[in-house]
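Enquirer: One structure, pasted below without further comment.
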Amino acid sequence: MNITVVGSTNMDLVYLVPHIVKAGETLHSTKHELFFGGKGANQAVTAGQLGANVHFIGNVGADDFGEQIIQNLQNKNVNTAAVQKVGMTGQAIIQLADSGENSIVLFPGANFLVSTKQVEENTERIVSSNVLLLQLEIPMPAVETAATIASQKDVKIILNPAPAHQISDTLLSKISILTPNETELAILTGLKTETEEDLFQSCSLLLQKGVGAVVVTLGAKGAYYMDHYEHGHVQANNVGVKDTTGAGDAFNGALAVGLCHGNTLKDSILYASKVAGFVVTQMGAQPSIPSSFQVNNV
């Protein structure tokens with residue numbers, strides 16, 4: 001199971017609050033904690049803990065946060081040989097409400113210094129992978145370069161289009177599996193995403209643009225998926241939610257692992273939902289995942 005992740009790393013500064021702050025409101029936090037984060041790193045440590053051979057391509061800052069992030073990646077079975085130290089480490093300022101919902105402000109820092117040259121220098125890592133995982137917290141040229149390299153060697157590409165961003169039809173045509181949430185799907189297609197019929201129409205449009213499959217993450221409602229052969233809804237597990245931060249990233253990392261094992265798309269979604277369901281019961285975006293969640297044990 002060779003998985004390469006090209007993406008972001010952050011240090012998450014989490015503030016526990018009674019509710020998400022409103023415009024013009026000053027609100028006291030009841031607690032403050034530091035967690036490792038970044039969509040790319042979240043995906044990587046999930047896949048690494050689930051038994052995959054993971055390489056991470058990205059940047060941390062030349063600072064204490066950067067050193068801590070590299071050590072954490074290595075501790076969670078992620079190869080960091082392609083991680084560069086430059087600038088300041090990216091940060092996420094997260095409000096976590098008592099309800100479990102969150103609001104996030106990103107400072108990209110070193111993540112916005114990931115270059116096409118850096119990606120090209122790691123071509124061998126990408127083309128020797130079974131799956132390439134991408135997100136949109138690094139510059140789009142770096143994302144496009146990684147996708148082009150992978151597509152030329154038929155490496156399966158999973159793109160989580162977050163934060164929400166317009167994506168060219170050229171990039172979409174290279175994507176094996178696109179994993180938006182409802183908001184991101186609406187931005188990508190310009191269509192409503194309120195009903196299952198809306199989801200069907202939106203996913204159909206993306207398949208017409210060349211995407212191999214679309215998996216729409218719906219939070220507590222599960223996921224809706226469509227490829228050129230089938231479509232359907234997968235229910236989420238009913239769990240006690242503590243923190244939804246990183247749930248989508250865990251879903252993507254586990255989806256990649258399921259597919260590496262040769263599972264069908266639907267079975268991989270079911271597996272990813274179980275892993276994401278565990279992550280939301282823990283604090284932080286990168287909790288320790290028990291070995292019982294590895295594919296052979298589920």
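Every chain in the structure tokens takes a letter, A first, then B, and so on in the order presented; its residues are numbered from 1, and the ligands are numbered from 1 following the presented order.
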What's the 9 Å shell around Gln135 (chain A), counting only C-alpha atoms, without same-chain residues fewer than 6 positions away, as a CSV table (one decimal) with C-alpha atoms, in the first residue's frame?

Expert:
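In the end it all went to selection-v3.csv:
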chain,number,residue,atom,x,y,z
A,5,VAL,CA,0.3,12.8,0.0
A,6,VAL,CA,1.1,16.2,-1.4
A,7,GLY,CA,-0.3,18.9,0.9
A,8,SER,CA,-0.3,21.0,4.0
A,39,LYS,CA,-5.4,18.6,5.7
A,40,GLY,CA,-2.5,16.9,4.0
A,143,VAL,CA,-1.5,20.4,-7.0
A,158,ILE,CA,-8.0,11.3,-4.8
A,159,LEU,CA,-8.6,15.1,-4.6
A,160,ASN,CA,-10.4,16.6,-1.6
A,161,PRO,CA,-11.4,20.0,-3.0
A,162,ALA,CA,-11.0,21.9,0.3
A,163,PRO,CA,-10.9,24.7,1.1

Enquirer: May I have the residues within 6 Å of region 117-133 of chain A as a PDB file with C-alpha atoms, in the first residue's frame, using only C-alpha atoms and disregarding those fewer than 5 positions away in the same chain?

Expert:
ATOM      1  CA  ASN A   2       2.055   2.923  -1.290  1.00  0.00           C
ATOM      2  CA  ILE A   3       0.350   6.280  -0.763  1.00  0.00           C
ATOM      3  CA  THR A   4       1.854   9.694  -1.464  1.00  0.00           C
ATOM      4  CA  VAL A   5       0.303  12.817   0.012  1.00  0.00           C
ATOM      5  CA  ALA A 150       0.382  10.792 -11.396  1.00  0.00           C
ATOM      6  CA  VAL A 155      -1.714   6.370 -10.379  1.00  0.00           C
ATOM      7  CA  LYS A 156      -5.138   6.687  -8.727  1.00  0.00           C
ATOM      8  CA  ILE A 157      -5.711  10.310  -7.676  1.00  0.00           C
ATOM      9  CA  ILE A 158      -8.005  11.336  -4.818  1.00  0.00           C
TER      10      ILE A 158
END

Enquirer: What's around Asn72 (chain A) at 10 Å? Count only C-alpha atoms, leave out sequence neighbours fewer than 5 positions away in its own chain, and write the answer as a list in words.

Expert: Phe36, Ala41, Val45, Gly66, Glu67, Asn77, Val78 and Gln286 of chain A

Enquirer: May I have the residues from that selection written out with N, CA and C atoms, as a short mmCIF file (atom, residue, chain, number, x, y, z; two decimals), in the first residue's frame?

Expert:
data_model
loop_
_atom_site.label_atom_id
_atom_site.label_comp_id
_atom_site.auth_asym_id
_atom_site.auth_seq_id
_atom_site.Cartn_x
_atom_site.Cartn_y
_atom_site.Cartn_z
N PHE A 36 -1.74 18.82 16.28
CA PHE A 36 -1.20 18.76 14.93
C PHE A 36 -2.33 18.74 13.92
N ALA A 41 -1.43 16.59 6.15
CA ALA A 41 -0.86 15.81 7.25
C ALA A 41 -1.91 14.94 7.92
N VAL A 45 -1.32 10.91 8.25
CA VAL A 45 -1.18 10.15 9.50
C VAL A 45 -2.31 9.13 9.65
N GLY A 66 7.60 23.46 13.37
CA GLY A 66 8.01 22.61 12.27
C GLY A 66 8.69 21.34 12.73
N GLU A 67 9.59 21.47 13.70
CA GLU A 67 10.29 20.30 14.25
C GLU A 67 9.30 19.34 14.90
N ASN A 77 4.10 6.83 11.35
CA ASN A 77 4.39 5.99 10.19
C ASN A 77 4.33 6.73 8.87
N VAL A 78 4.78 7.98 8.86
CA VAL A 78 4.82 8.78 7.63
C VAL A 78 6.28 9.12 7.33
N GLN A 286 -5.68 14.67 14.57
CA GLN A 286 -4.80 13.53 14.33
C GLN A 286 -4.70 12.64 15.57
#

Enquirer: Using only C-alpha atoms, pick whichever of A:Asn238, A:Thr148, A:Ser176, A:Thr193 has the shortest atom-to-atom distance to Val211 (chain A).

Expert: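 Of the candidates, the smallest distance to Val211 (chain A) is held by A:Ser176.
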
Enquirer: Could you write out, as number ranges by chain, all the residues of region 117-260 of chain A that DSSP marks as helix (DSSP H, G or I)?

Expert: A: 117-120, 123-127, 140-152, 169-172, 182-189, 196-208, 219-221, 247-260

Enquirer: Print the selection's residues with C-alpha atoms to a file, as a PDB file, in the first residue's frame.

Expert:
ATOM      1  CA  LYS A 117       9.799  22.343  -8.613  1.00  0.00           C
ATOM      2  CA  GLN A 118       9.533  20.646  -5.229  1.00  0.00           C
ATOM      3  CA  VAL A 119       6.799  18.367  -6.564  1.00  0.00           C
ATOM      4  CA  GLU A 120       8.751  17.548  -9.735  1.00  0.00           C
ATOM      5  CA  THR A 123       8.311  12.449  -9.256  1.00  0.00           C
ATOM      6  CA  GLU A 124       9.634   8.982  -8.425  1.00  0.00           C
ATOM      7  CA  ARG A 125       7.746   8.917  -5.130  1.00  0.00           C
ATOM      8  CA  ILE A 126       4.520   9.881  -6.872  1.00  0.00           C
ATOM      9  CA  VAL A 127       4.706   7.450  -9.792  1.00  0.00           C
ATOM     10  CA  MET A 140      -2.818  25.250  -7.167  1.00  0.00           C
ATOM     11  CA  PRO A 141       0.185  24.920  -9.557  1.00  0.00           C
ATOM     12  CA  ALA A 142       1.739  22.380  -7.160  1.00  0.00           C
ATOM     13  CA  VAL A 143      -1.543  20.433  -7.015  1.00  0.00           C
ATOM     14  CA  GLU A 144      -1.868  20.454 -10.804  1.00  0.00           C
ATOM     15  CA  THR A 145       1.736  19.348 -11.281  1.00  0.00           C
ATOM     16  CA  ALA A 146       1.317  16.412  -8.894  1.00  0.00           C
ATOM     17  CA  ALA A 147      -1.905  15.354 -10.638  1.00  0.00           C
ATOM     18  CA  THR A 148      -0.272  15.543 -14.069  1.00  0.00           C
ATOM     19  CA  ILE A 149       2.676  13.399 -12.954  1.00  0.00           C
ATOM     20  CA  ALA A 150       0.382  10.792 -11.396  1.00  0.00           C
ATOM     21  CA  SER A 151      -2.065  10.666 -14.300  1.00  0.00           C
ATOM     22  CA  GLN A 152       0.708   9.950 -16.794  1.00  0.00           C
ATOM     23  CA  ASP A 169     -11.769  21.138 -16.227  1.00  0.00           C
ATOM     24  CA  THR A 170      -8.228  20.065 -17.130  1.00  0.00           C
ATOM     25  CA  LEU A 171      -7.479  19.134 -13.513  1.00  0.00           C
ATOM     26  CA  LEU A 172     -10.893  17.542 -12.988  1.00  0.00           C
ATOM     27  CA  GLU A 182     -22.044  19.609   0.119  1.00  0.00           C
ATOM     28  CA  THR A 183     -20.758  23.200   0.211  1.00  0.00           C
ATOM     29  CA  GLU A 184     -17.721  22.407  -1.917  1.00  0.00           C
ATOM     30  CA  LEU A 185     -19.878  20.473  -4.386  1.00  0.00           C
ATOM     31  CA  ALA A 186     -22.168  23.492  -4.805  1.00  0.00           C
ATOM     32  CA  ILE A 187     -19.197  25.775  -5.483  1.00  0.00           C
ATOM     33  CA  LEU A 188     -17.699  23.340  -7.989  1.00  0.00           C
ATOM     34  CA  THR A 189     -20.899  22.865  -9.968  1.00  0.00           C
ATOM     35  CA  GLU A 196     -30.496  13.418  -3.243  1.00  0.00           C
ATOM     36  CA  GLU A 197     -31.730  14.428  -6.706  1.00  0.00           C
ATOM     37  CA  ASP A 198     -29.565  17.566  -6.442  1.00  0.00           C
ATOM     38  CA  LEU A 199     -26.578  15.399  -5.530  1.00  0.00           C
ATOM     39  CA  PHE A 200     -27.283  13.123  -8.495  1.00  0.00           C
ATOM     40  CA  GLN A 201     -27.344  16.073 -10.908  1.00  0.00           C
ATOM     41  CA  SER A 202     -24.189  17.657  -9.452  1.00  0.00           C
ATOM     42  CA  CYS A 203     -22.195  14.429  -9.473  1.00  0.00           C
ATOM     43  CA  SER A 204     -23.362  13.661 -13.010  1.00  0.00           C
ATOM     44  CA  LEU A 205     -22.003  17.015 -14.159  1.00  0.00           C
ATOM     45  CA  LEU A 206     -18.583  16.268 -12.648  1.00  0.00           C
ATOM     46  CA  LEU A 207     -18.479  12.820 -14.265  1.00  0.00           C
ATOM     47  CA  GLN A 208     -19.177  14.521 -17.592  1.00  0.00           C
ATOM     48  CA  GLY A 219     -21.221  14.576   7.944  1.00  0.00           C
ATOM     49  CA  ALA A 220     -23.636  12.782  10.236  1.00  0.00           C
ATOM     50  CA  LYS A 221     -25.746  11.868   7.186  1.00  0.00           C
ATOM     51  CA  ALA A 247     -13.053  14.012  10.121  1.00  0.00           C
ATOM     52  CA  GLY A 248     -13.120  14.592   6.367  1.00  0.00           C
ATOM     53  CA  ASP A 249      -9.351  14.214   6.176  1.00  0.00           C
ATOM     54  CA  ALA A 250      -9.485  10.925   8.073  1.00  0.00           C
ATOM     55  CA  PHE A 251     -12.202   9.787   5.669  1.00  0.00           C
ATOM     56  CA  ASN A 252      -9.950  10.530   2.694  1.00  0.00           C
ATOM     57  CA  GLY A 253      -6.913   8.825   4.205  1.00  0.00           C
ATOM     58  CA  ALA A 254      -8.921   5.716   5.039  1.00  0.00           C
ATOM     59  CA  LEU A 255     -10.613   5.750   1.613  1.00  0.00           C
ATOM     60  CA  ALA A 256      -7.174   5.587   0.011  1.00  0.00           C
ATOM     61  CA  VAL A 257      -6.193   2.654   2.228  1.00  0.00           C
ATOM     62  CA  GLY A 258      -9.399   0.770   1.411  1.00  0.00           C
ATOM     63  CA  LEU A 259      -8.830   1.229  -2.311  1.00  0.00           C
ATOM     64  CA  CYS A 260      -5.198   0.113  -1.984  1.00  0.00           C
TER      65      CYS A 260
END

Enquirer: Given the choices A:Gly51, A:Asp12, A:Thr46, A:Gln68, which gets closest to Val105 (chain A) if the distance is worked out from only C-alpha atoms?

Expert: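 Checking each of A:Gly51, A:Asp12, A:Thr46, A:Gln68 against Val105 (chain A), counting only C-alpha atoms, the winner is A:Asp12.
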
Enquirer: Could you state the separation of CA of Ala52 (chain A) and CA of Leu134 (chain A) in Å, given to one decimal place?

Expert: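 A separation of 16.2 Å between them.
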
Enquirer: Could you give me, as number ranges by chain, the residues within 9 Å of region 230-236 of chain A, counting only C-alpha atoms and dropping anything in the same chain fewer than 4 positions from it?

Expert: A: 196, 200, 218-226, 266, 269-270, 273-274, 277

Enquirer: Quick one: write out the picked residues with N, CA and C atoms as a short mmCIF file (atom, residue, chain, number, x, y, z; two decimals), in the first residue's frame?

Expert:
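Writing the result to result20.cif gives the following:
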data_model
loop_
_atom_site.label_atom_id
_atom_site.label_comp_id
_atom_site.auth_asym_id
_atom_site.auth_seq_id
_atom_site.Cartn_x
_atom_site.Cartn_y
_atom_site.Cartn_z
N GLU A 196 -31.24 14.48 -2.57
CA GLU A 196 -30.50 13.42 -3.24
C GLU A 196 -30.54 13.61 -4.76
N PHE A 200 -27.38 13.91 -7.26
CA PHE A 200 -27.28 13.12 -8.50
C PHE A 200 -26.92 14.03 -9.67
N LEU A 218 -21.19 13.87 3.83
CA LEU A 218 -22.39 14.55 4.33
C LEU A 218 -22.42 14.62 5.85
N GLY A 219 -21.26 14.50 6.50
CA GLY A 219 -21.22 14.58 7.94
C GLY A 219 -21.99 13.44 8.59
N ALA A 220 -22.87 13.79 9.50
CA ALA A 220 -23.64 12.78 10.24
C ALA A 220 -24.60 12.01 9.34
N LYS A 221 -24.84 12.54 8.13
CA LYS A 221 -25.75 11.87 7.19
C LYS A 221 -25.02 10.83 6.33
N GLY A 222 -23.72 10.70 6.49
CA GLY A 222 -22.99 9.68 5.74
C GLY A 222 -22.33 10.23 4.50
N ALA A 223 -22.51 9.54 3.38
CA ALA A 223 -21.87 9.94 2.12
C ALA A 223 -22.74 9.50 0.94
N TYR A 224 -22.66 10.27 -0.12
CA TYR A 224 -23.33 9.92 -1.38
C TYR A 224 -22.24 9.72 -2.42
N TYR A 225 -22.34 8.67 -3.22
CA TYR A 225 -21.28 8.40 -4.18
C TYR A 225 -21.86 8.10 -5.55
N MET A 226 -21.05 8.36 -6.57
CA MET A 226 -21.45 8.06 -7.94
C MET A 226 -20.20 7.84 -8.79
N LYS A 266 -17.66 1.34 -2.90
CA LYS A 266 -18.64 1.37 -1.82
C LYS A 266 -18.06 0.80 -0.53
N ILE A 269 -15.75 3.24 1.02
CA ILE A 269 -16.48 4.32 1.67
C ILE A 269 -16.98 3.87 3.04
N LEU A 270 -17.50 2.66 3.12
CA LEU A 270 -17.96 2.12 4.40
C LEU A 270 -16.82 2.07 5.41
N SER A 273 -15.85 5.58 6.49
CA SER A 273 -16.85 6.11 7.42
C SER A 273 -16.62 5.61 8.84
N LYS A 274 -16.23 4.35 8.97
CA LYS A 274 -15.93 3.80 10.29
C LYS A 274 -14.74 4.51 10.93
N GLY A 277 -15.71 8.00 11.81
CA GLY A 277 -16.60 7.93 12.96
C GLY A 277 -15.84 7.81 14.27
#

Enquirer: Do you know which residues are at most 12 Å from Ala81 (chain A) counting only C-alpha atoms, after dropping those on the same chain fewer than 4 positions away, and could you put them as a ChimeraX atom specification?

Expert: /A:4,54-59,70-71,73-74,85,121-122,125

Enquirer: Restrict the selected residues to N, CA and C atoms and save them as a PDB file, in the first residue's frame.

Expert:
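Contents of the output file again_5.pdb:
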ATOM      1  N   THR A   4       1.139   8.427  -1.567  1.00  0.00           N
ATOM      2  CA  THR A   4       1.854   9.694  -1.464  1.00  0.00           C
ATOM      3  C   THR A   4       0.849  10.805  -1.235  1.00  0.00           C
ATOM      4  N   VAL A  54       3.428   5.473   3.634  1.00  0.00           N
ATOM      5  CA  VAL A  54       3.044   6.835   3.255  1.00  0.00           C
ATOM      6  C   VAL A  54       4.263   7.741   3.130  1.00  0.00           C
ATOM      7  N   HIS A  55       4.329   8.456   2.008  1.00  0.00           N
ATOM      8  CA  HIS A  55       5.315   9.524   1.815  1.00  0.00           C
ATOM      9  C   HIS A  55       4.593  10.855   1.794  1.00  0.00           C
ATOM     10  N   PHE A  56       5.135  11.830   2.507  1.00  0.00           N
ATOM     11  CA  PHE A  56       4.517  13.160   2.538  1.00  0.00           C
ATOM     12  C   PHE A  56       5.420  14.168   1.845  1.00  0.00           C
ATOM     13  N   ILE A  57       4.833  14.927   0.918  1.00  0.00           N
ATOM     14  CA  ILE A  57       5.540  16.003   0.214  1.00  0.00           C
ATOM     15  C   ILE A  57       4.896  17.320   0.619  1.00  0.00           C
ATOM     16  N   GLY A  58       5.670  18.178   1.285  1.00  0.00           N
ATOM     17  CA  GLY A  58       5.133  19.460   1.738  1.00  0.00           C
ATOM     18  C   GLY A  58       6.173  20.213   2.530  1.00  0.00           C
ATOM     19  N   ASN A  59       5.731  21.286   3.177  1.00  0.00           N
ATOM     20  CA  ASN A  59       6.641  22.156   3.911  1.00  0.00           C
ATOM     21  C   ASN A  59       6.188  22.374   5.347  1.00  0.00           C
ATOM     22  N   ILE A  70       7.274  17.395  12.149  1.00  0.00           N
ATOM     23  CA  ILE A  70       8.048  16.334  11.506  1.00  0.00           C
ATOM     24  C   ILE A  70       8.147  15.117  12.423  1.00  0.00           C
ATOM     25  N   GLN A  71       8.423  15.341  13.702  1.00  0.00           N
ATOM     26  CA  GLN A  71       8.535  14.229  14.644  1.00  0.00           C
ATOM     27  C   GLN A  71       7.212  13.487  14.765  1.00  0.00           C
ATOM     28  N   LEU A  73       4.804  13.280  12.468  1.00  0.00           N
ATOM     29  CA  LEU A  73       4.577  12.508  11.242  1.00  0.00           C
ATOM     30  C   LEU A  73       5.354  11.196  11.284  1.00  0.00           C
ATOM     31  N   GLN A  74       6.603  11.285  11.686  1.00  0.00           N
ATOM     32  CA  GLN A  74       7.431  10.080  11.748  1.00  0.00           C
ATOM     33  C   GLN A  74       6.892   9.098  12.777  1.00  0.00           C
ATOM     34  N   LYS A  85      11.939  22.551   5.170  1.00  0.00           N
ATOM     35  CA  LYS A  85      11.767  23.557   6.210  1.00  0.00           C
ATOM     36  C   LYS A  85      12.000  24.938   5.604  1.00  0.00           C
ATOM     37  N   GLU A 121      10.634  17.322  -8.213  1.00  0.00           N
ATOM     38  CA  GLU A 121      11.803  16.646  -7.644  1.00  0.00           C
ATOM     39  C   GLU A 121      11.424  15.326  -6.974  1.00  0.00           C
ATOM     40  N   ASN A 122      10.146  15.154  -6.690  1.00  0.00           N
ATOM     41  CA  ASN A 122       9.658  13.933  -6.037  1.00  0.00           C
ATOM     42  C   ASN A 122       8.805  13.084  -6.967  1.00  0.00           C
ATOM     43  N   ARG A 125       8.639   9.292  -6.229  1.00  0.00           N
ATOM     44  CA  ARG A 125       7.746   8.917  -5.130  1.00  0.00           C
ATOM     45  C   ARG A 125       6.302   8.853  -5.601  1.00  0.00           C
TER      46      ARG A 125
END

Enquirer: For Thr30 (chain A), please output as a PyMOL selection string all residues within 12 Å (counting only C-alpha atoms; exclusion window: fewer than 3 positions along the same chain).

Expert: chain A and resi 14-19+27+33+95-98

Enquirer: Could you take the residues named above and write them with C-alpha atoms, as a short mmCIF file (atom, residue, chain, number, x, y, z; two decimals), in the first residue's frame?

Expert:
data_model
loop_
_atom_site.label_atom_id
_atom_site.label_comp_id
_atom_site.auth_asym_id
_atom_site.auth_seq_id
_atom_site.Cartn_x
_atom_site.Cartn_y
_atom_site.Cartn_z
CA VAL A 14 -7.89 25.16 19.37
CA TYR A 15 -10.14 27.36 21.50
CA LEU A 16 -13.10 25.68 23.21
CA VAL A 17 -16.12 28.01 23.19
CA PRO A 18 -19.82 27.75 24.15
CA HIS A 19 -20.75 28.58 20.53
CA LEU A 27 -16.40 35.49 23.62
CA GLU A 33 -5.05 23.37 23.31
CA GLN A 95 -13.12 27.56 17.48
CA LEU A 96 -14.63 24.34 18.81
CA ALA A 97 -18.17 24.74 20.12
CA ASP A 98 -19.81 22.65 22.82
#
